[in-house]
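K.L.:
My questions will all concern the structure given below.
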Amino acid sequence: MIERQETGQRMSRIVKHNGTVYLCGQVCADATQGITEQTQTMLDKVETLLEQAGSDKEHMLSATIYIKDMKDFAEMNAVWDSWVPAGHAPARACVEASMARDALLVEISVVAAVKE
């Protein structure tokens, strides 16, 4: 069975299937901020959605990070490294990409397992 949460015309914020949680791309809460703040508030949103879906950071399977400019890579990683629980880093990719809005500096898409 496929369960979709917060579904709109284009996407669902959460999709669950066979014990796996898929989150749509998440961005920051305030795009006027710098990379550190954008990364932190983006990850806060991921954490909230994972909890809503019956998962958490320790159950992340993979993460794809889209960063507007690789010059911000080290600062973004500093926030990421302090957010991911030790020993629970997911498979991860990070690519430089154009963003849907110019002010956005980072976006993430996460796949996680449901907590048992």
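By order in the structure tokens, chains are A, B, ...; within a chain, residues start at 1; ligands start at 1, following the order shown.
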Which neighbours of Met1 (chain A) fall inside 12 Å, counting only C-alpha atoms, when residues of the same chain fewer than 4 positions from it are skipped, and could you give them as a list in words?
P.N.:
Val15, Lys16, His17, Asn18, Gly19 and Thr20 of chain A
K.L.:
Mind writing the picked residues with N, CA and C atoms as a tab-separated table (two decimals), in the first residue's frame?
P.N.:
chain	number	residue	atom	x	y	z
A	15	VAL	N	5.78	10.35	1.12
A	15	VAL	CA	5.20	9.13	0.53
A	15	VAL	C	5.82	7.96	1.29
A	16	LYS	N	4.96	7.04	1.74
A	16	LYS	CA	5.43	5.84	2.45
A	16	LYS	C	5.01	4.61	1.65
A	17	HIS	N	5.96	3.67	1.52
A	17	HIS	CA	5.68	2.42	0.80
A	17	HIS	C	6.63	1.34	1.31
A	18	ASN	N	6.07	0.21	1.67
A	18	ASN	CA	6.87	-0.95	2.12
A	18	ASN	C	7.92	-0.59	3.17
A	19	GLY	N	7.54	0.21	4.16
A	19	GLY	CA	8.45	0.55	5.24
A	19	GLY	C	9.50	1.60	4.90
A	20	THR	N	9.32	2.26	3.77
A	20	THR	CA	10.26	3.29	3.35
A	20	THR	C	9.54	4.63	3.24
K.L.:
Could you pull out the alpha helix (DSSP H) residues of chain A, going by DSSP on the backbone, and write them as a list in words?
P.N.:
Ile35, Thr36, Glu37, Gln38, Thr39, Gln40, Thr41, Met42, Leu43, Asp44, Lys45, Val46, Glu47, Thr48, Leu49, Leu50, Glu51, Gln52, Phe73, Ala74, Glu75, Met76, Asn77, Ala78, Val79, Trp80, Asp81, Ser82 and Trp83 of chain A
K.L.:
I want to know what sits within 8 Å of region 81-90 of chain A, based on only C-alpha atoms, with residues of the same chain fewer than 4 positions away left out; could you give that as JSON, numbers by chain?
P.N.:
{"A": [43, 57, 58, 59, 60, 61, 62, 63, 77]}
K.L.:
Leaving out Glu51 (chain A) and any residue of its chain fewer than 4 positions from it, which residues lie within 12 Å of it when counting only C-alpha atoms, given as a PyMOL selection string?
P.N.:
chain A and resi 14+21+23+44-47+55-60+112-115
K.L.:
From the options A:Met76, A:Ala53, A:Ala29, A:Ile35, which residue's atoms come nearest to Arg4 (chain A), counting only C-alpha atoms?
P.N.:
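Comparing A:Met76, A:Ala53, A:Ala29, A:Ile35 against Arg4 (chain A), the winner is A:Ala53.
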K.L.:
Of the candidates A:Gly34, A:Gly54, A:Gly8, A:Gly25, which shows the shortest atom-to-atom distance to Ile108 (chain A), using only C-alpha atoms?
P.N.:
A:Gly25
K.L.:
Between A:Thr48, A:Met11, A:Glu6, A:Glu75, which is the closest to Leu105 (chain A) once you count only C-alpha atoms?
P.N.:
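With only C-alpha atoms as the atom set, the closest residue is A:Glu75.
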K.L.:
Could you check how far CA of Ala91 (chain A) sits from CA of Tyr66 (chain A), in Å to one decimal?
P.N.:
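That distance, rounded to one decimal, is 14.5 Å.
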K.L.:
Residues near Phe73 (chain A), anyone? I mean within 10 Å using only C-alpha atoms, not counting same-chain ones fewer than 6 positions away, as a VMD selection string.
P.N.:
chain A and resid 35 67 94 to 96 106
K.L.:
When distances are computed from only C-alpha atoms, which of A:Ser109, A:Cys28, A:Thr36, A:Asp102 shows the smallest separation from Ala74 (chain A)?
P.N.:
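Of A:Ser109, A:Cys28, A:Thr36, A:Asp102, the one nearest Ala74 (chain A) is A:Thr36, counting only C-alpha atoms.
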K.L.:
What does the distance between CA of Leu49 (chain A) and CA of Thr64 (chain A) come to in Å, to one decimal place?
P.N.:
16.0 Å
K.L.:
Could you give me, as a list in words, the residues within 9 Å of Thr32 (chain A), counting only C-alpha atoms and dropping anything in the same chain fewer than 4 positions from it?
P.N.:
Gln38, Ala103 and Leu104 of chain A
